[in-house]
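Structure data (compact mmCIF, N, CA and C atoms and all ligand atoms) from protein38.txt:
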```
# COMPACT_ATOMS: atom_id res chain seq x y z
N MET A 11 -23.07 -42.23 11.43
CA MET A 11 -23.19 -43.63 10.97
C MET A 11 -22.14 -43.89 9.89
N LEU A 12 -21.48 -45.04 9.99
CA LEU A 12 -20.41 -45.36 9.03
C LEU A 12 -20.99 -45.84 7.71
N SER A 13 -20.36 -45.43 6.62
CA SER A 13 -20.76 -45.95 5.32
C SER A 13 -20.26 -47.40 5.19
N LYS A 14 -20.83 -48.12 4.24
CA LYS A 14 -20.43 -49.52 4.00
C LYS A 14 -18.93 -49.60 3.71
N LYS A 15 -18.47 -48.63 2.92
CA LYS A 15 -17.07 -48.59 2.52
C LYS A 15 -16.18 -48.41 3.75
N ASN A 16 -16.58 -47.49 4.62
CA ASN A 16 -15.81 -47.25 5.83
C ASN A 16 -15.85 -48.44 6.78
N GLN A 17 -17.02 -49.08 6.86
CA GLN A 17 -17.13 -50.28 7.71
C GLN A 17 -16.11 -51.32 7.29
N LYS A 18 -16.02 -51.51 5.96
CA LYS A 18 -15.08 -52.51 5.45
C LYS A 18 -13.65 -52.06 5.74
N TYR A 19 -13.41 -50.77 5.53
CA TYR A 19 -12.07 -50.23 5.77
C TYR A 19 -11.64 -50.50 7.22
N PHE A 20 -12.51 -50.19 8.16
CA PHE A 20 -12.14 -50.35 9.57
C PHE A 20 -12.08 -51.82 9.97
N ARG A 21 -12.96 -52.63 9.38
CA ARG A 21 -12.91 -54.06 9.68
C ARG A 21 -11.56 -54.65 9.24
N ASP A 22 -11.15 -54.28 8.01
CA ASP A 22 -9.85 -54.76 7.50
C ASP A 22 -8.71 -54.26 8.38
N LEU A 23 -8.78 -52.98 8.73
CA LEU A 23 -7.74 -52.36 9.55
C LEU A 23 -7.62 -53.07 10.90
N LEU A 24 -8.77 -53.32 11.53
CA LEU A 24 -8.77 -53.96 12.84
C LEU A 24 -8.34 -55.42 12.76
N ASN A 25 -8.79 -56.12 11.74
CA ASN A 25 -8.38 -57.52 11.57
C ASN A 25 -6.88 -57.63 11.36
N GLU A 26 -6.35 -56.68 10.59
CA GLU A 26 -4.92 -56.66 10.33
C GLU A 26 -4.16 -56.43 11.63
N ARG A 27 -4.64 -55.46 12.40
CA ARG A 27 -4.01 -55.14 13.67
C ARG A 27 -4.08 -56.33 14.63
N LEU A 28 -5.23 -56.98 14.64
CA LEU A 28 -5.42 -58.15 15.52
C LEU A 28 -4.45 -59.26 15.13
N ALA A 29 -4.34 -59.52 13.82
CA ALA A 29 -3.42 -60.56 13.36
C ALA A 29 -1.99 -60.24 13.77
N GLY A 30 -1.60 -58.97 13.63
CA GLY A 30 -0.27 -58.53 14.01
C GLY A 30 -0.02 -58.73 15.50
N LEU A 31 -1.02 -58.39 16.31
CA LEU A 31 -0.89 -58.53 17.77
C LEU A 31 -0.79 -59.99 18.18
N LEU A 32 -1.62 -60.82 17.55
CA LEU A 32 -1.60 -62.25 17.89
C LEU A 32 -0.26 -62.86 17.50
N ASP A 33 0.27 -62.39 16.37
CA ASP A 33 1.57 -62.85 15.90
C ASP A 33 2.65 -62.48 16.91
N GLU A 34 2.62 -61.22 17.35
CA GLU A 34 3.57 -60.73 18.35
C GLU A 34 3.46 -61.54 19.63
N ALA A 35 2.22 -61.78 20.06
CA ALA A 35 1.98 -62.51 21.31
C ALA A 35 2.57 -63.91 21.22
N THR A 36 2.42 -64.55 20.07
CA THR A 36 2.97 -65.89 19.89
C THR A 36 4.49 -65.86 20.00
N LYS A 37 5.10 -64.83 19.37
CA LYS A 37 6.54 -64.70 19.42
C LYS A 37 7.03 -64.51 20.85
N THR A 38 6.32 -63.67 21.60
CA THR A 38 6.71 -63.41 22.98
C THR A 38 6.68 -64.69 23.78
N VAL A 39 5.62 -65.49 23.59
CA VAL A 39 5.48 -66.73 24.33
C VAL A 39 6.62 -67.70 23.98
N SER A 40 6.91 -67.86 22.67
CA SER A 40 7.97 -68.81 22.30
C SER A 40 9.32 -68.29 22.76
N GLY A 41 9.50 -66.95 22.77
CA GLY A 41 10.73 -66.37 23.28
C GLY A 41 10.96 -66.74 24.73
N MET A 42 9.86 -66.83 25.49
CA MET A 42 9.95 -67.16 26.90
C MET A 42 10.33 -68.63 27.11
N THR A 43 9.74 -69.51 26.30
CA THR A 43 9.96 -70.94 26.52
C THR A 43 11.25 -71.43 25.88
N ASP A 44 11.75 -70.67 24.89
CA ASP A 44 12.98 -71.07 24.22
C ASP A 44 14.21 -70.95 25.11
N ARG A 45 14.13 -70.07 26.10
CA ARG A 45 15.29 -69.82 26.94
C ARG A 45 15.66 -71.04 27.79
N GLY A 46 16.96 -71.24 27.92
CA GLY A 46 17.42 -72.35 28.75
C GLY A 46 17.08 -72.12 30.21
N GLU A 47 16.91 -73.18 30.94
CA GLU A 47 16.52 -73.04 32.34
C GLU A 47 17.74 -73.02 33.28
N THR A 48 18.91 -73.41 32.76
CA THR A 48 20.07 -73.50 33.64
C THR A 48 20.87 -72.20 33.64
N PHE A 49 20.77 -71.49 34.76
CA PHE A 49 21.54 -70.28 34.95
C PHE A 49 22.23 -70.37 36.30
N PRO A 50 23.45 -70.93 36.32
CA PRO A 50 24.13 -71.16 37.59
C PRO A 50 24.50 -69.86 38.31
N ASP A 51 24.85 -68.83 37.54
CA ASP A 51 25.23 -67.55 38.13
C ASP A 51 23.99 -66.81 38.64
N PRO A 52 23.97 -66.40 39.92
CA PRO A 52 22.79 -65.71 40.45
C PRO A 52 22.51 -64.39 39.74
N THR A 53 23.56 -63.73 39.22
CA THR A 53 23.36 -62.47 38.49
C THR A 53 22.57 -62.74 37.23
N ASP A 54 22.93 -63.84 36.54
CA ASP A 54 22.20 -64.22 35.34
C ASP A 54 20.76 -64.55 35.67
N ARG A 55 20.59 -65.21 36.82
CA ARG A 55 19.24 -65.56 37.22
C ARG A 55 18.40 -64.31 37.45
N ALA A 56 19.03 -63.31 38.10
CA ALA A 56 18.33 -62.06 38.36
C ALA A 56 17.96 -61.37 37.05
N THR A 57 18.91 -61.40 36.10
CA THR A 57 18.65 -60.80 34.80
C THR A 57 17.48 -61.51 34.12
N LEU A 58 17.51 -62.83 34.20
CA LEU A 58 16.44 -63.62 33.60
C LEU A 58 15.11 -63.27 34.25
N GLU A 59 15.12 -63.15 35.57
CA GLU A 59 13.92 -62.78 36.32
C GLU A 59 13.34 -61.46 35.81
N SER A 60 14.22 -60.44 35.70
CA SER A 60 13.71 -59.13 35.32
C SER A 60 13.28 -59.13 33.86
N GLU A 61 13.98 -59.91 33.04
CA GLU A 61 13.54 -60.03 31.64
C GLU A 61 12.18 -60.68 31.57
N ARG A 62 12.00 -61.67 32.43
CA ARG A 62 10.73 -62.37 32.45
C ARG A 62 9.60 -61.43 32.90
N ASN A 63 9.89 -60.62 33.92
CA ASN A 63 8.89 -59.64 34.36
C ASN A 63 8.56 -58.66 33.25
N PHE A 64 9.60 -58.25 32.55
CA PHE A 64 9.42 -57.32 31.44
C PHE A 64 8.52 -57.95 30.37
N THR A 65 8.83 -59.20 30.04
CA THR A 65 8.04 -59.91 29.04
C THR A 65 6.59 -60.03 29.48
N LEU A 66 6.40 -60.31 30.78
CA LEU A 66 5.03 -60.45 31.28
C LEU A 66 4.27 -59.13 31.17
N ARG A 67 4.99 -58.03 31.45
CA ARG A 67 4.34 -56.72 31.32
C ARG A 67 3.93 -56.47 29.88
N ILE A 68 4.82 -56.81 28.95
CA ILE A 68 4.50 -56.62 27.53
C ILE A 68 3.30 -57.49 27.15
N ARG A 69 3.32 -58.72 27.63
CA ARG A 69 2.21 -59.63 27.31
C ARG A 69 0.89 -59.08 27.84
N ASP A 70 0.94 -58.48 29.03
CA ASP A 70 -0.24 -57.90 29.63
C ASP A 70 -0.78 -56.78 28.75
N ARG A 71 0.16 -55.97 28.25
CA ARG A 71 -0.21 -54.85 27.39
C ARG A 71 -0.80 -55.38 26.08
N GLU A 72 -0.15 -56.43 25.53
CA GLU A 72 -0.65 -57.05 24.30
C GLU A 72 -2.07 -57.58 24.50
N ARG A 73 -2.26 -58.25 25.64
CA ARG A 73 -3.57 -58.82 25.93
C ARG A 73 -4.64 -57.74 25.97
N ARG A 74 -4.30 -56.62 26.63
CA ARG A 74 -5.27 -55.53 26.71
C ARG A 74 -5.56 -54.96 25.33
N LEU A 75 -4.50 -54.81 24.51
CA LEU A 75 -4.69 -54.29 23.16
C LEU A 75 -5.54 -55.23 22.32
N ILE A 76 -5.25 -56.53 22.45
CA ILE A 76 -6.01 -57.52 21.69
C ILE A 76 -7.49 -57.43 22.06
N SER A 77 -7.78 -57.33 23.35
CA SER A 77 -9.19 -57.28 23.72
C SER A 77 -9.83 -55.96 23.27
N LYS A 78 -9.04 -54.89 23.23
CA LYS A 78 -9.57 -53.61 22.72
C LYS A 78 -9.94 -53.73 21.24
N VAL A 79 -9.06 -54.37 20.48
CA VAL A 79 -9.32 -54.54 19.05
C VAL A 79 -10.54 -55.42 18.84
N LYS A 80 -10.64 -56.49 19.66
CA LYS A 80 -11.80 -57.38 19.55
C LYS A 80 -13.10 -56.65 19.89
N GLU A 81 -13.03 -55.80 20.90
CA GLU A 81 -14.21 -55.01 21.26
C GLU A 81 -14.62 -54.07 20.14
N ALA A 82 -13.60 -53.49 19.48
CA ALA A 82 -13.90 -52.59 18.37
C ALA A 82 -14.58 -53.36 17.23
N LEU A 83 -14.12 -54.61 16.98
CA LEU A 83 -14.74 -55.44 15.94
C LEU A 83 -16.19 -55.78 16.34
N ASP A 84 -16.41 -56.04 17.63
CA ASP A 84 -17.77 -56.28 18.12
C ASP A 84 -18.67 -55.08 17.86
N ARG A 85 -18.10 -53.90 18.12
CA ARG A 85 -18.89 -52.68 17.91
C ARG A 85 -19.23 -52.50 16.44
N LEU A 86 -18.30 -52.93 15.56
CA LEU A 86 -18.59 -52.88 14.12
C LEU A 86 -19.78 -53.78 13.80
N ASP A 87 -19.78 -54.97 14.41
CA ASP A 87 -20.88 -55.91 14.19
C ASP A 87 -22.21 -55.34 14.69
N GLN A 88 -22.14 -54.67 15.83
CA GLN A 88 -23.36 -54.16 16.45
C GLN A 88 -23.78 -52.80 15.91
N GLY A 89 -22.94 -52.23 15.05
CA GLY A 89 -23.27 -50.93 14.47
C GLY A 89 -23.05 -49.76 15.41
N THR A 90 -22.29 -49.97 16.49
CA THR A 90 -22.01 -48.86 17.40
C THR A 90 -20.59 -48.33 17.24
N PHE A 91 -19.88 -48.90 16.27
CA PHE A 91 -18.50 -48.46 16.05
C PHE A 91 -18.49 -47.02 15.54
N GLY A 92 -17.59 -46.22 16.10
CA GLY A 92 -17.47 -44.84 15.63
C GLY A 92 -18.42 -43.89 16.34
N ILE A 93 -19.15 -44.42 17.35
CA ILE A 93 -20.03 -43.56 18.13
C ILE A 93 -19.42 -43.38 19.52
N CYS A 94 -19.31 -42.14 19.94
CA CYS A 94 -18.70 -41.85 21.24
C CYS A 94 -19.56 -42.43 22.36
N GLU A 95 -18.94 -43.17 23.26
CA GLU A 95 -19.74 -43.81 24.31
C GLU A 95 -20.10 -42.84 25.44
N GLU A 96 -19.49 -41.68 25.42
CA GLU A 96 -19.82 -40.66 26.42
C GLU A 96 -21.01 -39.81 25.99
N CYS A 97 -20.88 -39.22 24.79
CA CYS A 97 -21.89 -38.23 24.37
C CYS A 97 -22.78 -38.73 23.23
N GLY A 98 -22.44 -39.90 22.63
CA GLY A 98 -23.29 -40.45 21.58
C GLY A 98 -23.10 -39.80 20.22
N GLU A 99 -22.15 -38.88 20.12
CA GLU A 99 -21.87 -38.23 18.84
C GLU A 99 -20.95 -39.12 18.00
N ASP A 100 -20.94 -38.84 16.68
CA ASP A 100 -20.01 -39.57 15.81
C ASP A 100 -18.57 -39.16 16.10
N ILE A 101 -17.68 -40.15 16.11
CA ILE A 101 -16.25 -39.86 16.22
C ILE A 101 -15.75 -39.60 14.80
N SER A 102 -14.90 -38.61 14.63
CA SER A 102 -14.47 -38.24 13.27
C SER A 102 -13.66 -39.37 12.62
N ASP A 103 -13.81 -39.47 11.29
CA ASP A 103 -13.07 -40.49 10.53
C ASP A 103 -11.57 -40.37 10.76
N LYS A 104 -11.12 -39.12 10.82
CA LYS A 104 -9.69 -38.86 10.98
C LYS A 104 -9.20 -39.49 12.28
N ARG A 105 -9.97 -39.29 13.35
CA ARG A 105 -9.58 -39.83 14.65
C ARG A 105 -9.65 -41.36 14.64
N LEU A 106 -10.70 -41.90 14.00
CA LEU A 106 -10.86 -43.36 13.95
C LEU A 106 -9.73 -44.01 13.15
N LYS A 107 -9.31 -43.32 12.09
CA LYS A 107 -8.24 -43.90 11.28
C LYS A 107 -6.93 -43.92 12.05
N ALA A 108 -6.70 -42.90 12.87
CA ALA A 108 -5.48 -42.85 13.66
C ALA A 108 -5.56 -43.81 14.84
N ARG A 109 -6.77 -44.00 15.38
CA ARG A 109 -6.94 -44.80 16.58
C ARG A 109 -8.26 -45.55 16.52
N PRO A 110 -8.29 -46.64 15.72
CA PRO A 110 -9.58 -47.32 15.48
C PRO A 110 -10.20 -47.97 16.73
N VAL A 111 -9.42 -48.15 17.79
CA VAL A 111 -9.99 -48.79 18.98
C VAL A 111 -10.62 -47.78 19.95
N THR A 112 -10.55 -46.50 19.59
CA THR A 112 -11.06 -45.49 20.51
C THR A 112 -12.58 -45.59 20.69
N THR A 113 -13.05 -45.24 21.89
CA THR A 113 -14.49 -45.25 22.15
C THR A 113 -14.98 -43.85 22.49
N LEU A 114 -14.06 -42.88 22.43
CA LEU A 114 -14.44 -41.51 22.79
C LEU A 114 -14.14 -40.55 21.65
N CYS A 115 -15.02 -39.56 21.45
CA CYS A 115 -14.71 -38.51 20.48
C CYS A 115 -13.63 -37.62 21.08
N ILE A 116 -13.04 -36.81 20.23
CA ILE A 116 -11.90 -36.00 20.67
C ILE A 116 -12.28 -35.07 21.83
N LYS A 117 -13.50 -34.56 21.79
CA LYS A 117 -13.96 -33.63 22.84
C LYS A 117 -14.02 -34.34 24.20
N CYS A 118 -14.65 -35.53 24.21
CA CYS A 118 -14.78 -36.27 25.46
C CYS A 118 -13.42 -36.77 25.94
N LYS A 119 -12.57 -37.15 24.99
CA LYS A 119 -11.23 -37.62 25.35
C LYS A 119 -10.46 -36.50 26.05
N LYS A 120 -10.58 -35.28 25.49
CA LYS A 120 -9.89 -34.13 26.09
C LYS A 120 -10.41 -33.86 27.48
N GLU A 121 -11.75 -33.94 27.63
CA GLU A 121 -12.34 -33.72 28.94
C GLU A 121 -11.84 -34.74 29.95
N GLN A 122 -11.76 -36.00 29.47
CA GLN A 122 -11.28 -37.07 30.35
C GLN A 122 -9.82 -36.81 30.77
N GLU A 123 -9.02 -36.38 29.79
CA GLU A 123 -7.62 -36.09 30.10
C GLU A 123 -7.48 -34.92 31.05
N ASN A 124 -8.31 -33.90 30.84
CA ASN A 124 -8.28 -32.75 31.75
C ASN A 124 -8.61 -33.18 33.17
N GLU A 125 -9.63 -34.03 33.29
CA GLU A 125 -10.02 -34.53 34.60
C GLU A 125 -8.87 -35.30 35.25
N GLU A 126 -8.22 -36.15 34.43
CA GLU A 126 -7.10 -36.92 34.94
C GLU A 126 -5.96 -36.01 35.40
N ASN A 127 -5.73 -34.93 34.61
CA ASN A 127 -4.70 -33.98 34.99
C ASN A 127 -5.03 -33.30 36.31
N LEU A 128 -6.30 -32.95 36.45
CA LEU A 128 -6.73 -32.29 37.68
C LEU A 128 -6.53 -33.20 38.88
N LYS A 129 -6.90 -34.47 38.69
CA LYS A 129 -6.74 -35.43 39.78
C LYS A 129 -5.27 -35.62 40.15
N GLY A 130 -4.41 -35.48 39.11
CA GLY A 130 -2.99 -35.66 39.34
C GLY A 130 -2.35 -34.54 40.15
N LEU A 131 -3.03 -33.39 40.17
CA LEU A 131 -2.41 -32.23 40.85
C LEU A 131 -2.49 -32.28 42.37
ZN ZN B 1 -18.03 -37.59 22.97
```
Reformat the file's structure so that it appears as structure tokens.
Ligand SMILES: [Zn+2]
Amino acid sequence: MLSKKNQKYFRDLLNERLAGLLDEATKTVSGMTDRGETFPDPTDRATLESERNFTLRIRDRERRLISKVKEALDRLDQGTFGICEECGEDISDKRLKARPVTTLCIKCKKEQENEENLKGL
């Protein structure tokens, strides 16, 4: 169970991260709309296309990160933050500080990775 002090620490950390992500997302969007629409050269058009795809991929990643951070804040509200969703054990402070959006303790995370590695073989 998290102490009051730690709850505040992680809430601040997550809010800060969320603000940063939202800021980035806004920049990405304005970067997309700021570009001129007239590209007479087909090579330029292709470049613009691939840049646009790249931007969309980044936005997708940002969106997923944003929802992860929001979920972590929800868990803080519900008092389930810092509890491994696999085994129900506490996730170490050290791990939470490095990766506050995590939902797995290091042991379960390793098991999950091992499984993924096995599937990859
Ligand atoms: Zn676990």
- [ ] Please provide as a PyMOL selection string all residues within 12 Å of Cys115 in chain A, with the sequence filter that same-chain residues fewer than 2 positions apart are discarded (counting only C-alpha atoms).
- [x] chain A and resi 91-106+109-113+117-122
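Coordinates place atom N of Gln17 in chain A at a distance of 23.8 Å from atom N of Asp33 in chain A.
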Task: Of the listed residues A:Asp84, A:Asp54, A:Glu26, A:Glu34, that which approaches Ile68 in chain A most closely, counting only C-alpha atoms - done: A:Glu34
Task: Those of chain A in DSSP helix (DSSP H, G or I), formatted as a ChimeraX atom specification - done: /A:14-44,52-88,103-108,116-130
List every protein, DNA or RNA residue that has an atom no more than 7 Å from (-12.4, -56.8, 13.9) in the file's coordinate frame, counting only C-alpha atoms, and report them as a PDB file with N, CA and C atoms, keeping the file's coordinate frame.
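Result written to part_8.pdb:
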```pdb
ATOM      1  N   ARG A  21     -12.960 -52.630   9.380  1.00  0.00           N
ATOM      2  CA  ARG A  21     -12.910 -54.060   9.680  1.00  0.00           C
ATOM      3  C   ARG A  21     -11.560 -54.650   9.240  1.00  0.00           C
ATOM      4  N   LEU A  24      -8.770 -53.320  11.530  1.00  0.00           N
ATOM      5  CA  LEU A  24      -8.770 -53.960  12.840  1.00  0.00           C
ATOM      6  C   LEU A  24      -8.340 -55.420  12.760  1.00  0.00           C
ATOM      7  N   ASN A  25      -8.790 -56.120  11.740  1.00  0.00           N
ATOM      8  CA  ASN A  25      -8.380 -57.520  11.570  1.00  0.00           C
ATOM      9  C   ASN A  25      -6.880 -57.630  11.360  1.00  0.00           C
ATOM     10  N   VAL A  79      -9.060 -54.370  20.480  1.00  0.00           N
ATOM     11  CA  VAL A  79      -9.320 -54.540  19.050  1.00  0.00           C
ATOM     12  C   VAL A  79     -10.540 -55.420  18.840  1.00  0.00           C
ATOM     13  N   LYS A  80     -10.640 -56.490  19.660  1.00  0.00           N
ATOM     14  CA  LYS A  80     -11.800 -57.380  19.550  1.00  0.00           C
ATOM     15  C   LYS A  80     -13.100 -56.650  19.890  1.00  0.00           C
ATOM     16  N   ALA A  82     -13.600 -53.490  19.480  1.00  0.00           N
ATOM     17  CA  ALA A  82     -13.900 -52.590  18.370  1.00  0.00           C
ATOM     18  C   ALA A  82     -14.580 -53.360  17.230  1.00  0.00           C
ATOM     19  N   LEU A  83     -14.120 -54.610  16.980  1.00  0.00           N
ATOM     20  CA  LEU A  83     -14.740 -55.440  15.940  1.00  0.00           C
ATOM     21  C   LEU A  83     -16.190 -55.780  16.340  1.00  0.00           C
ATOM     22  N   ASP A  84     -16.410 -56.040  17.630  1.00  0.00           N
ATOM     23  CA  ASP A  84     -17.770 -56.280  18.120  1.00  0.00           C
ATOM     24  C   ASP A  84     -18.670 -55.080  17.860  1.00  0.00           C
TER      25      ASP A  84
END
```
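Note that the spacing between atom N of Asn16 in chain A and atom N of Lys107 in chain A amounts to 11.2 Å.
Proximity of A:Leu32, A:Asn124, A:Ile116, A:Arg74 to ligand ZN 1 (chain B), computed with all atoms listed in the file, is greatest for A:Ile116.
Atom C of Arg85 in chain A is positioned 12.5 Å from atom N of Tyr19 in chain A.
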Show me that you can extract range 118-128 of chain A, keeping all heavy atoms, and write it as a CSV table (one decimal), in the first residue's frame.
```csv
chain,number,residue,atom,x,y,z
A,118,CYS,N,6.5,-10.6,-12.6
A,118,CYS,CA,5.5,-11.0,-13.6
A,118,CYS,C,5.9,-10.4,-15.0
A,118,CYS,O,5.6,-11.0,-16.0
A,118,CYS,CB,4.1,-10.4,-13.2
A,118,CYS,SG,3.5,-11.2,-11.7
A,119,LYS,N,6.5,-9.2,-15.0
A,119,LYS,CA,7.0,-8.6,-16.2
A,119,LYS,C,8.0,-9.5,-16.9
A,119,LYS,O,7.9,-9.8,-18.1
A,119,LYS,CB,7.6,-7.2,-15.9
A,119,LYS,CG,8.0,-6.5,-17.2
A,119,LYS,CD,6.9,-6.1,-18.1
A,119,LYS,CE,7.3,-5.7,-19.4
A,119,LYS,NZ,6.2,-5.6,-20.4
A,120,LYS,N,8.9,-10.1,-16.1
A,120,LYS,CA,9.9,-11.0,-16.6
A,120,LYS,C,9.3,-12.2,-17.2
A,120,LYS,O,9.6,-12.7,-18.2
A,120,LYS,CB,10.9,-11.3,-15.5
A,120,LYS,CG,12.0,-10.3,-15.4
A,120,LYS,CD,13.3,-10.8,-14.9
A,120,LYS,CE,14.4,-9.8,-14.9
A,120,LYS,NZ,14.8,-9.4,-13.5
A,121,GLU,N,8.3,-12.8,-16.4
A,121,GLU,CA,7.6,-14.0,-16.9
A,121,GLU,C,6.9,-13.7,-18.2
A,121,GLU,O,6.9,-14.5,-19.1
A,121,GLU,CB,6.6,-14.4,-15.9
A,121,GLU,CG,7.2,-15.4,-14.9
A,121,GLU,CD,6.3,-15.7,-13.7
A,121,GLU,OE1,5.0,-15.6,-13.8
A,121,GLU,OE2,6.8,-15.9,-12.6
A,122,GLN,N,6.3,-12.5,-18.3
A,122,GLN,CA,5.6,-12.1,-19.5
A,122,GLN,C,6.6,-12.0,-20.7
A,122,GLN,O,6.3,-12.5,-21.8
A,122,GLN,CB,4.9,-10.8,-19.3
A,122,GLN,CG,3.9,-10.5,-20.4
A,122,GLN,CD,3.4,-9.0,-20.3
A,122,GLN,OE1,4.3,-8.1,-20.3
A,122,GLN,NE2,2.1,-8.8,-20.2
A,123,GLU,N,7.7,-11.4,-20.4
A,123,GLU,CA,8.7,-11.3,-21.5
A,123,GLU,C,9.3,-12.6,-21.9
A,123,GLU,O,9.5,-12.9,-23.1
A,123,GLU,CB,9.9,-10.4,-21.0
A,123,GLU,CG,9.6,-8.9,-21.2
A,123,GLU,CD,10.5,-8.0,-20.5
A,123,GLU,OE1,11.5,-8.5,-19.9
A,123,GLU,OE2,10.3,-6.8,-20.6
A,124,ASN,N,9.5,-13.5,-20.9
A,124,ASN,CA,10.0,-14.9,-21.3
A,124,ASN,C,9.0,-15.6,-22.2
A,124,ASN,O,9.3,-16.2,-23.1
A,124,ASN,CB,10.2,-15.7,-20.0
A,124,ASN,CG,11.4,-15.3,-19.3
A,124,ASN,OD1,12.3,-14.6,-19.8
A,124,ASN,ND2,11.5,-15.7,-18.0
A,125,GLU,N,7.7,-15.5,-21.8
A,125,GLU,CA,6.6,-16.1,-22.6
A,125,GLU,C,6.7,-15.5,-24.0
A,125,GLU,O,6.5,-16.3,-25.0
A,125,GLU,CB,5.3,-15.8,-22.0
A,125,GLU,CG,4.6,-17.0,-21.4
A,125,GLU,CD,3.4,-16.7,-20.6
A,125,GLU,OE1,2.5,-16.1,-21.2
A,125,GLU,OE2,3.4,-16.9,-19.4
A,126,GLU,N,6.8,-14.2,-24.1
A,126,GLU,CA,6.9,-13.6,-25.4
A,126,GLU,C,8.1,-14.0,-26.3
A,126,GLU,O,8.0,-14.3,-27.4
A,126,GLU,CB,6.9,-12.0,-25.3
A,126,GLU,CG,5.5,-11.5,-25.1
A,126,GLU,CD,5.5,-10.0,-24.6
A,126,GLU,OE1,6.5,-9.4,-24.6
A,126,GLU,OE2,4.4,-9.6,-24.2
A,127,ASN,N,9.2,-14.2,-25.6
A,127,ASN,CA,10.4,-14.7,-26.2
A,127,ASN,C,10.2,-16.1,-26.7
A,127,ASN,O,10.6,-16.5,-27.8
A,127,ASN,CB,11.6,-14.7,-25.3
A,127,ASN,CG,12.1,-13.3,-25.1
A,127,ASN,OD1,11.8,-12.4,-25.8
A,127,ASN,ND2,12.9,-13.1,-24.0
A,128,LEU,N,9.5,-16.9,-25.9
A,128,LEU,CA,9.3,-18.3,-26.3
A,128,LEU,C,8.4,-18.4,-27.5
A,128,LEU,O,8.6,-19.1,-28.4
A,128,LEU,CB,8.6,-19.1,-25.2
A,128,LEU,CG,9.5,-19.5,-24.0
A,128,LEU,CD1,8.7,-20.2,-22.9
A,128,LEU,CD2,10.6,-20.4,-24.5
```
